[in-house]
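**Q** Quick one, start36.pdb (PDB, C-alpha atoms):
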ATOM      1  CA  MET U   1      16.071 -65.764  54.703  1.00  0.00           C
ATOM      2  CA  GLY U   2      16.504 -62.207  53.360  1.00  0.00           C
ATOM      3  CA  ARG U   3      19.834 -60.933  52.169  1.00  0.00           C
ATOM      4  CA  GLY U   4      21.826 -58.838  54.631  1.00  0.00           C
ATOM      5  CA  ARG U   5      22.937 -55.303  53.882  1.00  0.00           C
ATOM      6  CA  HIS U   6      26.256 -55.003  52.136  1.00  0.00           C
ATOM      7  CA  ALA U   7      29.280 -53.393  53.744  1.00  0.00           C
ATOM      8  CA  GLY U   8      29.078 -49.646  53.302  1.00  0.00           C
ATOM      9  CA  TYR U   9      25.272 -49.570  53.072  1.00  0.00           C
ATOM     10  CA  ASP U  10      24.913 -46.988  55.850  1.00  0.00           C
ATOM     11  CA  ASP U  11      27.747 -44.876  54.432  1.00  0.00           C
ATOM     12  CA  GLN U  12      26.009 -44.854  51.050  1.00  0.00           C
ATOM     13  CA  ARG U  13      22.731 -43.765  52.681  1.00  0.00           C
ATOM     14  CA  GLU U  14      24.521 -40.878  54.410  1.00  0.00           C
ATOM     15  CA  LEU U  15      26.139 -39.828  51.145  1.00  0.00           C
ATOM     16  CA  ILE U  16      22.756 -39.845  49.408  1.00  0.00           C
ATOM     17  CA  LEU U  17      21.236 -37.720  52.182  1.00  0.00           C
ATOM     18  CA  ALA U  18      24.104 -35.227  51.975  1.00  0.00           C
ATOM     19  CA  ARG U  19      23.827 -34.890  48.186  1.00  0.00           C
ATOM     20  CA  ALA U  20      20.034 -34.645  48.315  1.00  0.00           C
ATOM     21  CA  ALA U  21      20.208 -32.025  51.080  1.00  0.00           C
ATOM     22  CA  HIS U  22      22.562 -29.949  48.935  1.00  0.00           C
ATOM     23  CA  LEU U  23      20.177 -30.097  45.984  1.00  0.00           C
ATOM     24  CA  PHE U  24      17.142 -29.303  48.135  1.00  0.00           C
ATOM     25  CA  ALA U  25      18.969 -26.362  49.719  1.00  0.00           C
ATOM     26  CA  GLU U  26      20.193 -25.082  46.346  1.00  0.00           C
ATOM     27  CA  ARG U  27      17.095 -25.629  44.201  1.00  0.00           C
ATOM     28  CA  GLY U  28      14.281 -26.367  46.629  1.00  0.00           C
ATOM     29  CA  TYR U  29      12.576 -29.666  47.388  1.00  0.00           C
ATOM     30  CA  SER U  30       9.811 -29.236  44.810  1.00  0.00           C
ATOM     31  CA  ALA U  31      12.201 -28.372  41.970  1.00  0.00           C
ATOM     32  CA  THR U  32      14.529 -31.349  42.561  1.00  0.00           C
ATOM     33  CA  SER U  33      13.880 -34.716  40.928  1.00  0.00           C
ATOM     34  CA  MET U  34      15.012 -38.200  41.911  1.00  0.00           C
ATOM     35  CA  ASN U  35      16.882 -38.334  38.600  1.00  0.00           C
ATOM     36  CA  GLU U  36      18.938 -35.315  39.701  1.00  0.00           C
ATOM     37  CA  VAL U  37      19.624 -36.872  43.103  1.00  0.00           C
ATOM     38  CA  ALA U  38      20.751 -40.117  41.480  1.00  0.00           C
ATOM     39  CA  GLU U  39      23.025 -38.225  39.095  1.00  0.00           C
ATOM     40  CA  ALA U  40      24.549 -36.201  41.951  1.00  0.00           C
ATOM     41  CA  CYS U  41      25.269 -39.444  43.808  1.00  0.00           C
ATOM     42  CA  GLY U  42      26.719 -41.217  40.770  1.00  0.00           C
ATOM     43  CA  LEU U  43      23.995 -43.870  41.009  1.00  0.00           C
ATOM     44  CA  SER U  44      21.334 -45.230  38.713  1.00  0.00           C
ATOM     45  CA  LYS U  45      17.787 -44.291  39.594  1.00  0.00           C
ATOM     46  CA  ALA U  46      17.031 -47.953  40.312  1.00  0.00           C
ATOM     47  CA  THR U  47      19.938 -48.123  42.772  1.00  0.00           C
ATOM     48  CA  LEU U  48      18.783 -44.917  44.470  1.00  0.00           C
ATOM     49  CA  TYR U  49      15.345 -46.466  45.030  1.00  0.00           C
ATOM     50  CA  HIS U  50      17.086 -49.362  46.755  1.00  0.00           C
ATOM     51  CA  TYR U  51      18.057 -46.931  49.510  1.00  0.00           C
ATOM     52  CA  TYR U  52      15.099 -44.536  49.557  1.00  0.00           C
ATOM     53  CA  ARG U  53      11.648 -45.322  48.204  1.00  0.00           C
ATOM     54  CA  ASP U  54      10.945 -41.778  46.950  1.00  0.00           C
ATOM     55  CA  LYS U  55      11.860 -38.109  47.230  1.00  0.00           C
ATOM     56  CA  TYR U  56       9.578 -37.657  50.231  1.00  0.00           C
ATOM     57  CA  ALA U  57      11.517 -40.319  52.154  1.00  0.00           C
ATOM     58  CA  LEU U  58      14.683 -38.359  51.443  1.00  0.00           C
ATOM     59  CA  LEU U  59      13.153 -35.134  52.761  1.00  0.00           C
ATOM     60  CA  PHE U  60      11.919 -36.735  55.965  1.00  0.00           C
ATOM     61  CA  SER U  61      15.202 -38.558  56.563  1.00  0.00           C
ATOM     62  CA  ILE U  62      17.260 -35.380  56.071  1.00  0.00           C
ATOM     63  CA  ALA U  63      15.147 -33.368  58.529  1.00  0.00           C
ATOM     64  CA  ASP U  64      14.677 -36.112  61.112  1.00  0.00           C
ATOM     65  CA  THR U  65      18.301 -37.275  61.065  1.00  0.00           C
ATOM     66  CA  HIS U  66      19.623 -33.732  61.355  1.00  0.00           C
ATOM     67  CA  VAL U  67      17.447 -32.684  64.279  1.00  0.00           C
ATOM     68  CA  GLU U  68      18.085 -36.022  66.039  1.00  0.00           C
ATOM     69  CA  ARG U  69      21.810 -35.317  65.768  1.00  0.00           C
ATOM     70  CA  LEU U  70      21.282 -31.841  67.233  1.00  0.00           C
ATOM     71  CA  GLN U  71      19.312 -33.340  70.135  1.00  0.00           C
ATOM     72  CA  ARG U  72      22.163 -35.728  70.880  1.00  0.00           C
ATOM     73  CA  ILE U  73      24.732 -32.945  70.712  1.00  0.00           C
ATOM     74  CA  ALA U  74      22.642 -30.793  73.075  1.00  0.00           C
ATOM     75  CA  ARG U  75      22.410 -33.610  75.615  1.00  0.00           C
ATOM     76  CA  GLU U  76      26.162 -34.187  75.453  1.00  0.00           C
ATOM     77  CA  ALA U  77      26.887 -30.462  75.777  1.00  0.00           C
ATOM     78  CA  ALA U  78      24.589 -30.105  78.785  1.00  0.00           C
ATOM     79  CA  ALA U  79      26.606 -32.803  80.543  1.00  0.00           C
ATOM     80  CA  GLU U  80      29.915 -30.979  80.031  1.00  0.00           C
ATOM     81  CA  SER U  81      29.430 -28.617  82.969  1.00  0.00           C
ATOM     82  CA  ALA U  82      27.322 -28.517  86.112  1.00  0.00           C
ATOM     83  CA  GLU U  83      27.584 -24.724  86.195  1.00  0.00           C
ATOM     84  CA  PRO U  84      24.868 -22.939  84.125  1.00  0.00           C
ATOM     85  CA  GLN U  85      27.197 -20.513  82.346  1.00  0.00           C
ATOM     86  CA  GLY U  86      29.519 -23.342  81.368  1.00  0.00           C
ATOM     87  CA  ARG U  87      26.557 -25.363  80.082  1.00  0.00           C
ATOM     88  CA  LEU U  88      25.358 -22.452  77.978  1.00  0.00           C
ATOM     89  CA  ARG U  89      28.775 -21.914  76.435  1.00  0.00           C
ATOM     90  CA  ALA U  90      29.057 -25.642  75.691  1.00  0.00           C
ATOM     91  CA  LEU U  91      25.597 -25.702  74.092  1.00  0.00           C
ATOM     92  CA  VAL U  92      26.353 -22.734  71.873  1.00  0.00           C
ATOM     93  CA  ARG U  93      29.792 -24.031  70.899  1.00  0.00           C
ATOM     94  CA  ARG U  94      28.627 -27.545  70.070  1.00  0.00           C
ATOM     95  CA  LEU U  95      25.602 -26.455  68.040  1.00  0.00           C
ATOM     96  CA  VAL U  96      27.548 -23.850  66.082  1.00  0.00           C
ATOM     97  CA  GLU U  97      30.116 -26.541  65.274  1.00  0.00           C
ATOM     98  CA  ALA U  98      27.346 -28.876  64.122  1.00  0.00           C
ATOM     99  CA  TYR U  99      25.744 -26.236  61.904  1.00  0.00           C
ATOM    100  CA  ALA U 100      29.081 -25.470  60.271  1.00  0.00           C
ATOM    101  CA  ASP U 101      29.255 -29.053  58.958  1.00  0.00           C
ATOM    102  CA  ALA U 102      25.587 -29.425  58.044  1.00  0.00           C
ATOM    103  CA  GLN U 103      24.409 -26.181  56.470  1.00  0.00           C
ATOM    104  CA  ASP U 104      22.471 -27.912  53.694  1.00  0.00           C
ATOM    105  CA  ALA U 105      20.608 -30.193  56.102  1.00  0.00           C
ATOM    106  CA  HIS U 106      19.893 -27.254  58.365  1.00  0.00           C
ATOM    107  CA  TRP U 107      18.460 -25.267  55.475  1.00  0.00           C
ATOM    108  CA  VAL U 108      16.165 -28.186  54.680  1.00  0.00           C
ATOM    109  CA  LEU U 109      15.116 -28.420  58.332  1.00  0.00           C
ATOM    110  CA  THR U 110      14.228 -24.742  58.563  1.00  0.00           C
ATOM    111  CA  SER U 111      12.776 -24.174  55.091  1.00  0.00           C
ATOM    112  CA  GLU U 112      11.420 -27.383  53.573  1.00  0.00           C
ATOM    113  CA  VAL U 113       9.634 -29.173  56.441  1.00  0.00           C
ATOM    114  CA  ARG U 114       6.427 -27.547  55.268  1.00  0.00           C
ATOM    115  CA  PHE U 115       6.288 -30.298  52.652  1.00  0.00           C
ATOM    116  CA  LEU U 116       6.147 -33.035  55.293  1.00  0.00           C
ATOM    117  CA  GLU U 117       2.883 -34.769  56.109  1.00  0.00           C
ATOM    118  CA  PRO U 118       1.350 -33.670  59.439  1.00  0.00           C
ATOM    119  CA  ALA U 119       2.464 -36.683  61.489  1.00  0.00           C
ATOM    120  CA  ASP U 120       6.021 -36.506  60.194  1.00  0.00           C
ATOM    121  CA  ARG U 121       6.159 -32.734  60.661  1.00  0.00           C
ATOM    122  CA  ARG U 122       4.986 -33.139  64.273  1.00  0.00           C
ATOM    123  CA  ARG U 123       7.738 -35.702  64.880  1.00  0.00           C
ATOM    124  CA  VAL U 124      10.402 -33.317  63.628  1.00  0.00           C
ATOM    125  CA  LEU U 125       8.927 -30.328  65.468  1.00  0.00           C
ATOM    126  CA  ASP U 126       8.734 -32.326  68.712  1.00  0.00           C
ATOM    127  CA  ARG U 127      12.440 -33.046  68.367  1.00  0.00           C
ATOM    128  CA  GLU U 128      13.094 -29.344  67.807  1.00  0.00           C
ATOM    129  CA  ARG U 129      11.105 -28.481  70.935  1.00  0.00           C
ATOM    130  CA  GLU U 130      13.316 -30.798  72.971  1.00  0.00           C
ATOM    131  CA  LEU U 131      16.337 -28.996  71.561  1.00  0.00           C
ATOM    132  CA  VAL U 132      14.901 -25.600  72.509  1.00  0.00           C
ATOM    133  CA  ALA U 133      14.100 -26.988  75.964  1.00  0.00           C
ATOM    134  CA  ALA U 134      17.820 -27.631  76.515  1.00  0.00           C
ATOM    135  CA  PHE U 135      18.425 -23.906  76.005  1.00  0.00           C
ATOM    136  CA  ALA U 136      15.424 -23.007  78.164  1.00  0.00           C
ATOM    137  CA  ASP U 137      16.764 -25.121  81.035  1.00  0.00           C
ATOM    138  CA  VAL U 138      20.091 -23.317  81.081  1.00  0.00           C
ATOM    139  CA  VAL U 139      18.491 -19.853  80.722  1.00  0.00           C
ATOM    140  CA  GLY U 140      16.191 -20.702  83.624  1.00  0.00           C
ATOM    141  CA  ALA U 141      19.168 -21.831  85.703  1.00  0.00           C
ATOM    142  CA  LEU U 142      21.014 -18.594  84.949  1.00  0.00           C
ATOM    143  CA  ARG U 143      18.056 -16.340  85.738  1.00  0.00           C
ATOM    144  CA  PRO U 144      15.301 -18.200  87.639  1.00  0.00           C
ATOM    145  CA  ASP U 145      13.708 -14.861  88.540  1.00  0.00           C
ATOM    146  CA  LEU U 146      12.722 -14.278  84.914  1.00  0.00           C
ATOM    147  CA  LYS U 147      10.134 -17.036  84.917  1.00  0.00           C
ATOM    148  CA  GLY U 148       7.844 -14.889  87.006  1.00  0.00           C
ATOM    149  CA  ALA U 149       8.181 -12.063  84.494  1.00  0.00           C
ATOM    150  CA  ALA U 150       7.426 -14.461  81.624  1.00  0.00           C
ATOM    151  CA  LEU U 151      10.766 -13.544  80.020  1.00  0.00           C
ATOM    152  CA  ASP U 152      12.470 -16.922  80.188  1.00  0.00           C
ATOM    153  CA  LYS U 153      10.875 -18.264  76.986  1.00  0.00           C
ATOM    154  CA  PRO U 154      11.410 -15.108  74.865  1.00  0.00           C
ATOM    155  CA  LEU U 155      15.048 -14.932  75.966  1.00  0.00           C
ATOM    156  CA  THR U 156      15.479 -18.597  75.146  1.00  0.00           C
ATOM    157  CA  MET U 157      14.109 -18.031  71.641  1.00  0.00           C
ATOM    158  CA  LEU U 158      16.381 -15.013  71.140  1.00  0.00           C
ATOM    159  CA  LEU U 159      19.423 -17.071  72.088  1.00  0.00           C
ATOM    160  CA  PHE U 160      18.350 -20.044  70.022  1.00  0.00           C
ATOM    161  CA  GLY U 161      17.612 -17.747  67.101  1.00  0.00           C
ATOM    162  CA  MET U 162      21.133 -16.315  67.152  1.00  0.00           C
ATOM    163  CA  VAL U 163      22.557 -19.817  66.872  1.00  0.00           C
ATOM    164  CA  ASN U 164      19.881 -21.349  64.672  1.00  0.00           C
ATOM    165  CA  TRP U 165      20.024 -18.774  61.866  1.00  0.00           C
ATOM    166  CA  MET U 166      23.762 -18.164  61.777  1.00  0.00           C
ATOM    167  CA  PHE U 167      24.018 -20.449  58.757  1.00  0.00           C
ATOM    168  CA  THR U 168      22.076 -17.943  56.622  1.00  0.00           C
ATOM    169  CA  TRP U 169      24.821 -15.320  56.738  1.00  0.00           C
ATOM    170  CA  MET U 170      28.035 -17.115  57.743  1.00  0.00           C
ATOM    171  CA  LYS U 171      30.019 -17.675  54.564  1.00  0.00           C
ATOM    172  CA  PRO U 172      32.879 -20.172  54.095  1.00  0.00           C
ATOM    173  CA  GLY U 173      36.211 -18.392  53.954  1.00  0.00           C
ATOM    174  CA  GLY U 174      34.901 -15.274  55.714  1.00  0.00           C
ATOM    175  CA  ALA U 175      36.883 -13.180  58.181  1.00  0.00           C
ATOM    176  CA  LEU U 176      35.370 -15.123  61.097  1.00  0.00           C
ATOM    177  CA  ASP U 177      34.545 -18.811  61.110  1.00  0.00           C
ATOM    178  CA  HIS U 178      32.028 -20.726  63.225  1.00  0.00           C
ATOM    179  CA  ASP U 179      34.598 -21.538  65.911  1.00  0.00           C
ATOM    180  CA  ALA U 180      35.314 -17.835  66.343  1.00  0.00           C
ATOM    181  CA  MET U 181      31.642 -16.840  66.452  1.00  0.00           C
ATOM    182  CA  ALA U 182      30.497 -19.319  69.105  1.00  0.00           C
ATOM    183  CA  PRO U 183      32.097 -17.435  72.067  1.00  0.00           C
ATOM    184  CA  VAL U 184      30.874 -14.133  70.591  1.00  0.00           C
ATOM    185  CA  VAL U 185      27.282 -15.389  70.752  1.00  0.00           C
ATOM    186  CA  ALA U 186      27.729 -16.585  74.340  1.00  0.00           C
ATOM    187  CA  ASP U 187      29.431 -13.347  75.424  1.00  0.00           C
ATOM    188  CA  LEU U 188      26.718 -11.221  73.809  1.00  0.00           C
ATOM    189  CA  PHE U 189      23.917 -13.161  75.471  1.00  0.00           C
ATOM    190  CA  LEU U 190      25.545 -13.356  78.892  1.00  0.00           C
ATOM    191  CA  GLY U 191      27.046  -9.890  79.166  1.00  0.00           C
ATOM    192  CA  GLY U 192      25.691  -7.663  76.408  1.00  0.00           C
ATOM    193  CA  LEU U 193      27.620  -5.831  73.724  1.00  0.00           C
ATOM    194  CA  GLY U 194      30.251  -4.583  76.177  1.00  0.00           C
ATOM    195  CA  ALA U 195      31.238  -8.175  77.020  1.00  0.00           C
ATOM    196  CA  VAL U 196      32.039  -9.175  73.433  1.00  0.00           C
ATOM    197  CA  LYS U 197      35.733  -9.739  72.764  1.00  0.00           C
ATOM    198  CA  ASP U 198      37.520  -9.775  69.434  1.00  0.00           C
ATOM    199  CA  PRO U 199      37.915 -13.534  68.773  1.00  0.00           C
ATOM    200  CA  ARG U 200      41.120 -12.879  66.837  1.00  0.00           C
ATOM    201  CA  GLU U 201      42.698 -11.388  69.970  1.00  0.00           C
ATOM    202  CA  ALA U 202      41.593 -14.428  71.952  1.00  0.00           C
ATOM    203  CA  VAL U 203      43.391 -16.685  69.491  1.00  0.00           C
ATOM    204  CA  LEU U 204      46.571 -14.623  69.789  1.00  0.00           C
ATOM    205  CA  SER U 205      46.426 -14.659  73.593  1.00  0.00           C
ATOM    206  CA  ASP U 206      46.190 -18.477  73.555  1.00  0.00           C
ATOM    207  CA  ARG U 207      49.450 -18.824  71.632  1.00  0.00           C
TER     208      ARG U 207
END
Represent the structure from my file as structure tokens, please.

**A**
Amino acid sequence: MGRGRHAGYDDQRELILARAAHLFAERGYSATSMNEVAEACGLSKATLYHYYRDKYALLFSIADTHVERLQRIAREAAAESAEPQGRLRALVRRLVEAYADAQDAHWVLTSEVRFLEPADRRRVLDRERELVAAFADVVGALRPDLKGAALDKPLTMLLFGMVNWMFTWMKPGGALDHDAMAPVVADLFLGGLGAVKDPREAVLSDR
């Protein structure tokens, strides 16, 4: 009989993924070695191989785990409201919150998946398509007339792009955080520039 996993095994795997994602985001996948990952995790290289067989396994796990988490969040957000506008706001809010806590993994997902083998890249991209489909469903519910004009997909990609690439310019400690920007994105998409409110005023009005 094989030995069972020790207590904390899954927590250690998550820590390794987080440290590896930070290195990949900072230096690039190709320029990062398993020795550097082990050092960042405070582990020996032999112990690191106990959790992940090689650097490629780390890359795939970071991308696949991150996008699977986003899929789950999107499904949960879509169930928060039966009304399309409420669903859109929930989707935007939940994904922006997720990106705020996983910027390194998101960078890997958007920039380093080119190093994945075709079958693994298709798996990750199929998960991403399901995520985009959650946005497409709510855009179609808001404006069903746009399908005939072939505008539903472009509008979906514009909305998803606003959320998906926020991590490239949002800086920790900036004037506005991710919580403040989520309603701005929803307001801009739903009502245009004139509908955007100063999130700082919204905070004051809630007090």

**Q** So which one's closest to Asp10 of chain U, U:Ala57, U:Tyr52, U:Ala46, U:His178? Using only C-alpha atoms, please.

**A** U:Tyr52

**Q** Distance atom CA of Pro84 of chain U-atom CA of Pro144 of chain U, one decimal place?

**A**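 Computing the Euclidean distance for atom CA of Pro84 of chain U and atom CA of Pro144 of chain U yields 11.2 Å.
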
**Q** For Val163 of chain U, work out the shell of residues within 9 Å, counting only C-alpha atoms and skipping chain neighbours fewer than 6 positions away, then give it as a VMD selection string.

**A** chain U and resid 92 95 to 96 99 182 185

**Q** Report as a list of chain:residue names all protein, DNA and RNA residues lying within 8 Å of Ala18 of chain U, evaluated on only C-alpha atoms, omitting residues in the same chain fewer than 3 positions from it.

**A** U:Glu14, U:Leu15, U:Ala21, U:His22, U:Ile62, U:Asp104, U:Ala105

**Q** Would you kindly translate the PyMOL selection byres ((chain U and resi 131-140) around 10) into the concrete residues it picks from this file, as a compact mmCIF listing (two decimals) with C-alpha atoms, keeping the file's coordinate frame?

**A**
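File result-v9.txt, as written:
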# COMPACT_ATOMS: atom_id res chain seq x y z
CA VAL U 67 17.45 -32.68 64.28
CA GLU U 68 18.08 -36.02 66.04
CA LEU U 70 21.28 -31.84 67.23
CA GLN U 71 19.31 -33.34 70.14
CA ARG U 72 22.16 -35.73 70.88
CA ILE U 73 24.73 -32.94 70.71
CA ALA U 74 22.64 -30.79 73.08
CA ARG U 75 22.41 -33.61 75.61
CA ALA U 77 26.89 -30.46 75.78
CA ALA U 78 24.59 -30.10 78.78
CA GLU U 83 27.58 -24.72 86.20
CA PRO U 84 24.87 -22.94 84.12
CA GLN U 85 27.20 -20.51 82.35
CA GLY U 86 29.52 -23.34 81.37
CA ARG U 87 26.56 -25.36 80.08
CA LEU U 88 25.36 -22.45 77.98
CA ARG U 89 28.78 -21.91 76.44
CA LEU U 91 25.60 -25.70 74.09
CA VAL U 92 26.35 -22.73 71.87
CA LEU U 125 8.93 -30.33 65.47
CA ASP U 126 8.73 -32.33 68.71
CA ARG U 127 12.44 -33.05 68.37
CA GLU U 128 13.09 -29.34 67.81
CA ARG U 129 11.10 -28.48 70.94
CA GLU U 130 13.32 -30.80 72.97
CA ALA U 141 19.17 -21.83 85.70
CA LEU U 142 21.01 -18.59 84.95
CA ARG U 143 18.06 -16.34 85.74
CA PRO U 144 15.30 -18.20 87.64
CA ASP U 145 13.71 -14.86 88.54
CA LEU U 146 12.72 -14.28 84.91
CA LYS U 147 10.13 -17.04 84.92
CA LEU U 151 10.77 -13.54 80.02
CA ASP U 152 12.47 -16.92 80.19
CA LYS U 153 10.88 -18.26 76.99
CA PRO U 154 11.41 -15.11 74.86
CA LEU U 155 15.05 -14.93 75.97
CA THR U 156 15.48 -18.60 75.15
CA MET U 157 14.11 -18.03 71.64
CA LEU U 159 19.42 -17.07 72.09
CA PHE U 160 18.35 -20.04 70.02
CA GLY U 161 17.61 -17.75 67.10
CA LEU U 190 25.54 -13.36 78.89
